[in-house]
Structures are given as C-alpha cells and as structure tokens.
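Quick notes on the structure that follows.
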Amino acid sequence: MTDHGLEQLVKPAAAAEPKPIEKVSIVISKGSLEGIYPGLIMANGARMEGMEANVFFTFFGLDAITKKRHNRIKVATVGNPGMHIPTIVGAIPGMSFLATKMMSRKMEKLDIPPIPEFVEMIADSGAGVYGCKATVDMFGLSKDDFVPQVTGVITVGEFYEKAAGGEIVFT
Amino acid sequence: MTDHGLEQLVKPAAAAEPKPIEKVSIVISKGSLEGIYPGLIMANGARMEGMEANVFFTFFGLDAITKKRHNRIKVATVGNPGMHIPTIVGAIPGMSFLATKMMSRKMEKLDIPPIPEFVEMIADSGAGVYGCKATVDMFGLSKDDFVPQVTGVITVGEFYEKAAGGEIVFT
Amino acid sequence: MTDHGLEQLVKPAAAAEPKPIEKVSIVISKGSLEGIYPGLIMANGARMEGMEANVFFTFFGLDAITKKRHNRIKVATVGNPGMHIPTIVGAIPGMSFLATKMMSRKMEKLDIPPIPEFVEMIADSGAGVYGCKATVDMFGLSKDDFVPQVTGVITVGEFYEKAAGGEIVFT
C-alpha cells in the first residue's frame with residue numbers, strides 16, 4: 001500500500017471512506033428533559049443505522065430509568081439562557097411545568113416519544129440500558145427501583161469494556 | 001513488525017506514537033455563552049492543527065447559528081455554582097447581562113471573537129457547520145433562520161456518517 | 001480475511017473482541033460538584049483498569065484544581081430538575097450548602113473522596129492533570145494558583161496530541 005506508484009490511486013480512496021462507526025456508548029448524566037433527550041436521540045439514531053448502542057445512566061440521569069421518576073422529568077427553566085425566560089420568571093412555581101408541557105407537545109408532533117416509552121423503544125431495538133454502580137449506590141437505589149429494560153448495573157470499568165471499539169458520547 | 005526478535009525496538013515506538021487524531025465532530029447542545037464557547041474553541045483548535053472538524057448544533061445550541069439569537073447569547077448566572085454568585089443575586093434581572101459583558105470583554109482581550117464572528121471564522125477555516133434536523137423541526141426553524149455558514153441540516157444518522165474515522169465530542 | 005469459506009469462523013471472533021480502550025482524555029468543564037465528579041470517577045475507573053488517563057480542566061471546571069476554590073465546590077440546587085427541589089426553595093441562601101453537605105456525606109460512605117483528595121489520588125495513580133491555556137488566561141490565573149498535581153497548562157492543540165489513540169470524554 002505504500003508503493004509510491006500507487007499513491008494517487010490509493011490515497012483519495014482511503015481519505016474518502018473512513019471505517020463507519022460500529023458502536024456508540026452514550027452516558028446520560030443529567031436529570032432534565034433537555035439533558036436526557038439528546039442521549040436517547042443519539043442512541044436511537046445509532047440503532048436505526050444498524051450500529052451497536054449502549055446507554056449508561058449516571059448521576060441525575062438515573063431518573064430516566066427510575067420507575068418513580070421517569071414520568072416526571074422536567075425542563076430546567078432557570079440556569080438555561082437558551083430557554084429565553086428571565087430567571088425571575090423561570091423561578092415562578094409552575095413555569096417548569098408549563099415549559100415541560102410545551103416541549104413534550106412539540107416532541108409528540110415529531111413522533112419523539114415521552115422518556116419512558118423512548119427508553120423502552122431503544123431497549124426493544126437492541127440497545128443495552130445500564131445504570132452506573134457508583135451513583136446507584138450513592139442514591140441508595142436497587143435494581144427493583146428501575147424499569148425492566150435496565151440490563152444491568154455496572155461499574156465504570158465494565159462500561160469501558162463494553163465501549164471498546166466504538167465512540168463514547170457523554171451527555 | 002511482529003517478529004519477536006524486534007520486540008524491544010518496535011514496542012516503545014508503537015507506544016510513543018499513536019496515530020494523530022484526524023477528525024473531530026463536535027456537538028454543541030447548550031445555549032449559554034459558557035456552553036457554546038468550549039465547542040467552538042475545540043473546533044477552532046482542531047482546524048489550527050490541520051484536523052478535519054465538523055460542528056453540529058442541536059437543542060439550545062442552535063441559538064449560536066440562528067440569526068435572531070446569535071448576538072444575544074448570555075452567561076447562566078444561576079444554576080452554575082462555578083460563577084461564585086449566590087442564586088438570589090444571580091436571579092436579579094440584569095445580572096446575567098453584566099456577567100455576559102464581563103466574560104465577553106475577557107474573551108476579546110484573548111482575541112477570542114464573539115460567537116457570530118467565531119462561527120464565521122471556523123466555517124472559513126474549512127469546518128463543517130450543521131444543524132440537527134430533529135431539533136430544527138422541533139423549534140419550527142427553517143434554513144432561512146440560520147446564518148449563511150450553515151452547510152446543512154442533517155439527521156443523527158448523517159452526523160454519525162460524517163463523524164466516522166474521528167472523535168465525537170458532545171458539549 | 002475476506003475469503004467467504006472462512007466467514008463463519010472469522011466474523012464472530014472479530015465481533016466478540018474489539019481492541020480494549022487504551023487511553024481516555026477527559027475534559028472537565030463545569031464547576032459544580034455534580035459537574036466535576038463524573039469526570040473524576042471516569043478518570044479513576046480508567047486508571048484502575050490500567051488504561052492511560054488524562055484530565056483536562058477548562059472553564060469553570062478549573063475550580064477543581066484551583067487552591068482557593070477546590071474545597072468550596074457546591075451542588076447546583078437550581079437549574080437542575082434532577083435535584084427535585086423547586087426553584088424557589090433551591091434559591092434560598094444555604095440550600096446549596098445543605099445539598100452539598102448531603103451529597104458529600106453520601107460520597108464519603110462510598111469511599112469516594114472529596115474533590116481535592118480525589119484529584120490527588122488520580123494524579124498519584126499516574127493520570128495527567130492539565131489546565132486549559134485559553135481559560136487559564138481568561139480567568140487571569142497562573143500556575144501558582146493551581147494545586148501541585150497540575151502537570152501543565154496546555155493548549156487545545158496539545159490536548160488533541162495527548163488524546164491521540166484514545167477516547168475523548170467531554171463532561
């Protein structure tokens with residue numbers, strides 16, 4: 001391949017076609033609607049392209065797979081200038097509820113399901129759904145607290161093992 | 001190269017020189033000044049090193065490439081303990097404006113341009129600038145709402161295709 | 001390898017054993033307790049598995065390696081719906097202090113050290129600890145402001161060089 005006579009022939013082909021991504025391992029670490037959706041959308045997109053996908057929920061991201069919480073995830077209306085809502089207004093009780101309703105309705109129109117159904121859909125498509133052992137222990141949770149789609153509660157070391165050969169996306 | 005007689009010679013060389021990164025694909029998902037700058041700085045740094053760089057704007061990160069908004073991006077003064085401002089103070093109307101002015105002035109001294117110019121500079125240097133189709137649809141935006149540097153509005157699947165052979169950095 | 005007679009034999013082996021991850025380069029960009037811990041936990045996990053690990057502190061993440069600040073890092077109680085605290089309550093002076101105490105105590109029970117000790121431990125284990133030049137300049141800091149574990153203050157380009165051959169994890 002390093003034969004200089006072939007350079008023109010070989011180089012462009014090599015540059016034009018990098019090896020497609022075969023696997024993504026997505027970490028979801030935030031507990032807000034706008035913190036959880038990007039990771040789920042990226043996992044779903046990966047599965048739709050036939051890539052292997054694993055989703056690893058850690059810190060407040062665990063809410064997305066916790067039975068008591070996954071139906072009650074909200075948009076952050078303060079500390080998020082992207083919402084274009086002044087802090088004083090965003091802090092009014094009920095504002096987060098309103099913003100959440102609004103975003104959920106927009107998601108629905110685009111056929112993006114609510115978080116519980118989205119996690120189910122991703123798991124059904126063959127993605128791995130994992131909880132992070134360190135934060136599961138920290139929050140005093142056990143496997144029973146999680147939705148049945150959770151394949152396991154794993155350590156960071158086990159996460160790296162599963163992620164080998166692919167891209168890590170921390171959200 | 002796997003001839004065992006050469007092991008001492010070959011191994012250190014292999015360990016010392018991993019293949020340089022050839023491409024980075026950066027996702028910008030947040031709409032605050034401190035949420036947008038790191039991705040732009042990493043894209044710019046990549047181009048300066050001669051690496052291929054693509055920037056993919058999603059969720060509130062879309063503000064950075066939206067004509068009506070890219071001049072009005074602010075620092076989050078609440079929900080960000082890193083600002084060292086008590087929440088009660090950070091919530092005072094105008095505080096975010098002040099903090100934004102302060103950070104912008106510091107950026108200017110370092111020759112880091114404001115966001116609109118920075119996006120232009122990165123695009124001029126040859127980086128790809130993309131909007132995320134799912135969130136563009138969700139926010140009801142169209143290509144006309146974006147600055148001319150936006151090369152296209154693409155799906156997650158298309159993003160993965162472009163990212164092949166490089167590193168994904170989600171910010 | 002593309003000999004079709006060998007397909008059954010070759011394919012499963014290739015799919016089952018991707019090359020283990022050899023290196024992770026972790027960027028810590030946030031200044032809250034829940035923004036800093038995930039990166040430190042991932043760096044520590046990488047070292048425990050024998051992987052090379054570099055941690056690169058940028059923007060508000062610099063607090064974790066700044067002598068005057070690393071003992072005073074707090075949980076964000078507003079703008080973080082994952083905390084399950086209404087904004088109005090989260091904004092009460094002292095709430096962030098209480099939430100921080102609570103999380104720190106839980107961390108301690110799990111043998112996860114406070115941030116200053118954690119950075120020390122990771123450095124002692126052989127991980128590289130770096131500050132980001134652009135933000136160090138922006139905040140007007142110098143090497144003396146940092147804990148002794150900081151190996152250097154480097155540019156984005158130097159970060160990419162160090163990250164070559166591994167995964168980049170931006171937190």
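Every chain in the structure tokens has a letter given in the order shown (A, B, ...), and although residue numbers restart at 1 in each chain, ligands are simply numbered from 1 in the order shown.
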
task = Up to 9 Å from chain C, what residues of chain A turn up? Count only C-alpha atoms and give them as a VMD selection string.
result = chain A and resid 29 to 33 58 to 61 63 73 to 80 90 to 93 96 134 137 to 139 155 to 157 160 to 171

inquiry  = Quick check for you: according to DSSP on this backbone, which residues of region 32-148 of chain C are classed as alpha helix (DSSP H)? Reply as a ChimeraX atom specification.
reply    = /C:33-48,87-90,95-109,115-124,133-138

query = Can you list, as a list in words, every protein, DNA or RNA residue that comes within 10 Å of Ala123 (chain A) when you count only C-alpha atoms, leaving out same-chain residues fewer than 2 positions away?
reply = Ala43, Asn44, Arg47, Ala53, Asn54, Val55, Glu117, Phe118, Val119, Glu120, Met121, Ser125, Gly126, Ala127, Gly128, Val129, Pro148, Gln149, Val150 and Thr151 of chain A

With N, CA and C atoms retained, write the just-selected residues as a compact mmCIF listing (two decimals), in the first residue's frame.
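Everything below was put into again.txt:
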# COMPACT_ATOMS: atom_id res chain seq x y z
N ALA A 43 -28.79 7.55 20.72
CA ALA A 43 -28.81 6.09 20.82
C ALA A 43 -29.77 5.52 19.77
N ASN A 44 -30.94 6.15 19.66
CA ASN A 44 -31.94 5.69 18.70
C ASN A 44 -31.40 5.81 17.27
N ARG A 47 -28.97 3.01 16.54
CA ARG A 47 -29.63 1.73 16.26
C ARG A 47 -30.28 1.73 14.88
N ALA A 53 -25.45 0.03 20.17
CA ALA A 53 -25.60 1.19 21.05
C ALA A 53 -25.80 0.74 22.49
N ASN A 54 -25.08 1.38 23.39
CA ASN A 54 -25.27 1.16 24.82
C ASN A 54 -25.53 2.50 25.48
N VAL A 55 -26.49 2.53 26.40
CA VAL A 55 -26.77 3.76 27.12
C VAL A 55 -26.53 3.49 28.61
N GLU A 117 -41.40 5.71 27.25
CA GLU A 117 -41.60 4.95 26.02
C GLU A 117 -40.33 4.96 25.16
N PHE A 118 -39.59 6.06 25.20
CA PHE A 118 -38.38 6.16 24.39
C PHE A 118 -37.33 5.15 24.88
N VAL A 119 -37.18 5.06 26.19
CA VAL A 119 -36.22 4.09 26.75
C VAL A 119 -36.64 2.67 26.35
N GLU A 120 -37.95 2.40 26.42
CA GLU A 120 -38.47 1.08 26.04
C GLU A 120 -38.16 0.78 24.58
N MET A 121 -38.41 1.78 23.73
CA MET A 121 -38.20 1.63 22.29
C MET A 121 -36.73 1.34 21.97
N SER A 125 -35.09 -2.09 20.50
CA SER A 125 -34.31 -2.07 19.26
C SER A 125 -32.97 -2.77 19.43
N GLY A 126 -32.67 -3.18 20.67
CA GLY A 126 -31.45 -3.95 20.90
C GLY A 126 -30.33 -3.19 21.59
N ALA A 127 -30.58 -1.95 22.01
CA ALA A 127 -29.55 -1.20 22.73
C ALA A 127 -29.44 -1.71 24.17
N GLY A 128 -28.26 -1.66 24.72
CA GLY A 128 -28.07 -2.00 26.13
C GLY A 128 -28.43 -0.81 27.00
N VAL A 129 -29.10 -1.05 28.12
CA VAL A 129 -29.53 0.02 29.03
C VAL A 129 -28.94 -0.30 30.41
N PRO A 148 -37.91 -2.30 33.80
CA PRO A 148 -37.41 -3.65 33.46
C PRO A 148 -36.41 -3.65 32.30
N GLN A 149 -36.35 -2.55 31.53
CA GLN A 149 -35.42 -2.51 30.38
C GLN A 149 -33.96 -2.44 30.81
N VAL A 150 -33.72 -2.12 32.08
CA VAL A 150 -32.33 -1.99 32.54
C VAL A 150 -31.66 -3.37 32.55
N THR A 151 -30.65 -3.51 31.74
CA THR A 151 -29.97 -4.79 31.56
C THR A 151 -29.04 -5.09 32.73

Output chain C as a short mmCIF file (atom, residue, chain, number, x, y, z; two decimals) with C-alpha atoms, in the first residue's frame, after least-squares fitting it to chain B on all in-order C-alpha pairs.
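Ended up saving to out_28.cif:
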data_model
loop_
_atom_site.label_atom_id
_atom_site.label_comp_id
_atom_site.auth_asym_id
_atom_site.auth_seq_id
_atom_site.Cartn_x
_atom_site.Cartn_y
_atom_site.Cartn_z
CA MET C 1 5.73 -7.68 14.54
CA THR C 2 5.13 -10.25 17.26
CA ASP C 3 8.61 -11.69 16.91
CA HIS C 4 9.88 -11.57 20.48
CA GLY C 5 13.42 -10.79 19.42
CA LEU C 6 12.21 -7.42 18.15
CA GLU C 7 10.08 -6.54 21.13
CA GLN C 8 12.30 -3.84 22.64
CA LEU C 9 12.76 -2.20 19.30
CA VAL C 10 9.16 -2.29 18.16
CA LYS C 11 7.16 -1.56 21.29
CA PRO C 12 8.47 1.88 22.30
CA ALA C 13 8.13 3.18 18.75
CA ALA C 14 4.54 2.01 18.57
CA ALA C 15 3.69 3.53 21.96
CA ALA C 16 5.38 6.85 21.22
CA GLU C 17 3.61 7.67 17.98
CA PRO C 18 -0.09 6.96 17.82
CA LYS C 19 -1.74 8.10 14.60
CA PRO C 20 -2.63 11.80 14.92
CA ILE C 21 -6.33 12.66 15.10
CA GLU C 22 -7.51 13.52 11.59
CA LYS C 23 -11.02 14.71 12.24
CA VAL C 24 -13.23 15.95 15.08
CA SER C 25 -17.01 16.19 15.03
CA ILE C 26 -18.21 18.51 17.72
CA VAL C 27 -21.79 18.62 18.98
CA ILE C 28 -22.87 21.90 20.63
CA SER C 29 -26.06 21.29 22.64
CA LYS C 30 -26.21 24.12 25.17
CA GLY C 31 -27.44 27.68 24.71
CA SER C 32 -25.30 29.59 27.22
CA LEU C 33 -22.09 31.45 26.47
CA GLU C 34 -20.05 29.01 28.57
CA GLY C 35 -21.88 26.13 26.88
CA ILE C 36 -21.12 27.26 23.32
CA TYR C 37 -17.55 28.57 23.55
CA PRO C 38 -15.78 25.29 24.44
CA GLY C 39 -17.07 23.59 21.28
CA LEU C 40 -16.12 26.55 19.08
CA ILE C 41 -12.66 26.73 20.66
CA MET C 42 -12.16 23.00 20.09
CA ALA C 43 -13.33 23.28 16.46
CA ASN C 44 -11.05 26.24 15.85
CA GLY C 45 -8.10 24.47 17.49
CA ALA C 46 -8.70 21.45 15.30
CA ARG C 47 -8.67 23.52 12.10
CA MET C 48 -5.52 25.36 13.22
CA GLU C 49 -3.82 21.96 13.50
CA GLY C 50 -4.96 21.05 9.99
CA MET C 51 -7.55 18.57 11.19
CA GLU C 52 -10.96 18.23 9.56
CA ALA C 53 -13.67 19.70 11.79
CA ASN C 54 -17.46 19.56 11.74
CA VAL C 55 -19.70 21.37 14.19
CA PHE C 56 -23.21 20.09 14.71
CA PHE C 57 -25.63 22.38 16.58
CA THR C 58 -28.50 20.73 18.44
CA PHE C 59 -31.12 21.62 21.09
CA PHE C 60 -30.40 25.04 22.64
CA GLY C 61 -27.01 25.09 20.92
CA LEU C 62 -28.95 26.04 17.76
CA ASP C 63 -29.08 29.60 19.15
CA ALA C 64 -25.44 30.03 18.14
CA ILE C 65 -26.38 29.77 14.45
CA THR C 66 -29.85 31.38 14.61
CA LYS C 67 -29.91 34.91 13.18
CA LYS C 68 -32.32 36.32 15.78
CA ARG C 69 -30.43 34.87 18.73
CA HIS C 70 -26.70 34.53 18.07
CA ASN C 71 -26.02 38.10 19.24
CA ARG C 72 -27.89 37.65 22.49
CA ILE C 73 -26.32 34.61 24.10
CA LYS C 74 -25.76 34.93 27.83
CA VAL C 75 -23.83 33.41 30.69
CA ALA C 76 -25.89 31.30 33.12
CA THR C 77 -25.56 33.01 36.52
CA VAL C 78 -27.67 30.49 38.40
CA GLY C 79 -27.32 26.71 38.47
CA ASN C 80 -23.62 27.18 37.84
CA PRO C 81 -21.70 27.13 41.14
CA GLY C 82 -18.55 27.76 39.07
CA MET C 83 -19.72 31.37 38.71
CA HIS C 84 -19.23 31.86 42.49
CA ILE C 85 -22.42 33.95 42.65
CA PRO C 86 -25.08 33.02 45.25
CA THR C 87 -28.31 31.88 43.57
CA ILE C 88 -30.32 34.72 45.14
CA VAL C 89 -27.92 37.25 43.61
CA GLY C 90 -27.60 35.41 40.31
CA ALA C 91 -31.38 35.57 39.92
CA ILE C 92 -31.52 39.39 40.12
CA PRO C 93 -32.60 40.64 36.68
CA GLY C 94 -29.53 42.06 34.95
CA MET C 95 -26.96 39.84 36.67
CA SER C 96 -26.72 37.54 33.71
CA PHE C 97 -26.27 40.61 31.49
CA LEU C 98 -23.41 41.86 33.68
CA ALA C 99 -21.67 38.48 33.83
CA THR C 100 -22.02 38.16 30.07
CA LYS C 101 -20.47 41.60 29.50
CA MET C 102 -17.60 40.66 31.79
CA MET C 103 -16.87 37.37 30.10
CA SER C 104 -17.20 38.90 26.63
CA ARG C 105 -14.65 41.58 27.52
CA LYS C 106 -12.20 38.95 28.77
CA MET C 107 -12.71 36.92 25.60
CA GLU C 108 -12.03 40.01 23.50
CA LYS C 109 -8.72 40.64 25.26
CA LEU C 110 -7.68 37.11 24.30
CA ASP C 111 -8.69 37.69 20.67
CA ILE C 112 -11.53 35.20 21.01
CA PRO C 113 -14.30 36.73 18.88
CA PRO C 114 -17.98 37.03 19.84
CA ILE C 115 -20.05 33.99 18.87
CA PRO C 116 -21.37 35.22 15.47
CA GLU C 117 -17.87 36.16 14.27
CA PHE C 118 -16.42 32.98 15.75
CA VAL C 119 -18.86 30.78 13.81
CA GLU C 120 -18.01 32.75 10.65
CA MET C 121 -14.29 32.34 11.26
CA ILE C 122 -14.60 28.60 11.81
CA ALA C 123 -16.71 28.19 8.67
CA ASP C 124 -14.20 30.29 6.66
CA SER C 125 -11.41 28.03 7.90
CA GLY C 126 -13.17 25.11 6.24
CA ALA C 127 -15.12 23.53 9.08
CA GLY C 128 -18.60 22.18 8.36
CA VAL C 129 -21.43 23.91 10.22
CA TYR C 130 -24.62 21.86 10.57
CA GLY C 131 -27.98 22.05 12.33
CA CYS C 132 -29.62 18.94 13.82
CA LYS C 133 -32.77 18.06 11.90
CA ALA C 134 -34.73 16.68 14.87
CA THR C 135 -34.34 19.84 16.96
CA VAL C 136 -34.70 22.21 13.99
CA ASP C 137 -38.09 20.58 13.39
CA MET C 138 -38.95 20.64 17.10
CA PHE C 139 -38.31 24.38 17.37
CA GLY C 140 -40.14 25.00 14.08
CA LEU C 141 -37.10 26.58 12.43
CA SER C 142 -36.15 26.57 8.76
CA LYS C 143 -32.90 27.13 6.88
CA ASP C 144 -33.78 30.85 6.52
CA ASP C 145 -33.55 31.30 10.27
CA PHE C 146 -29.89 30.35 10.23
CA VAL C 147 -26.74 32.28 9.44
CA PRO C 148 -25.42 31.68 5.91
CA GLN C 149 -22.47 29.66 7.22
CA VAL C 150 -24.78 26.72 7.95
CA THR C 151 -23.90 24.11 5.35
CA GLY C 152 -26.93 21.95 5.98
CA VAL C 153 -29.52 20.58 8.35
CA ILE C 154 -28.76 16.90 8.82
CA THR C 155 -30.06 13.85 10.69
CA VAL C 156 -28.21 12.00 13.43
CA GLY C 157 -27.47 9.23 10.92
CA GLU C 158 -25.85 11.72 8.53
CA PHE C 159 -23.88 13.15 11.44
CA TYR C 160 -22.44 9.71 12.22
CA GLU C 161 -21.50 9.28 8.55
CA LYS C 162 -19.60 12.58 8.57
CA ALA C 163 -17.98 11.71 11.91
CA ALA C 164 -16.55 8.40 10.67
CA GLY C 165 -12.79 8.16 11.02
CA GLY C 166 -12.57 10.81 13.75
CA GLU C 167 -13.46 11.71 17.32
CA ILE C 168 -16.92 12.79 18.47
CA VAL C 169 -16.92 15.52 21.13
CA PHE C 170 -20.33 16.25 22.68
CA THR C 171 -20.41 19.59 24.51
#
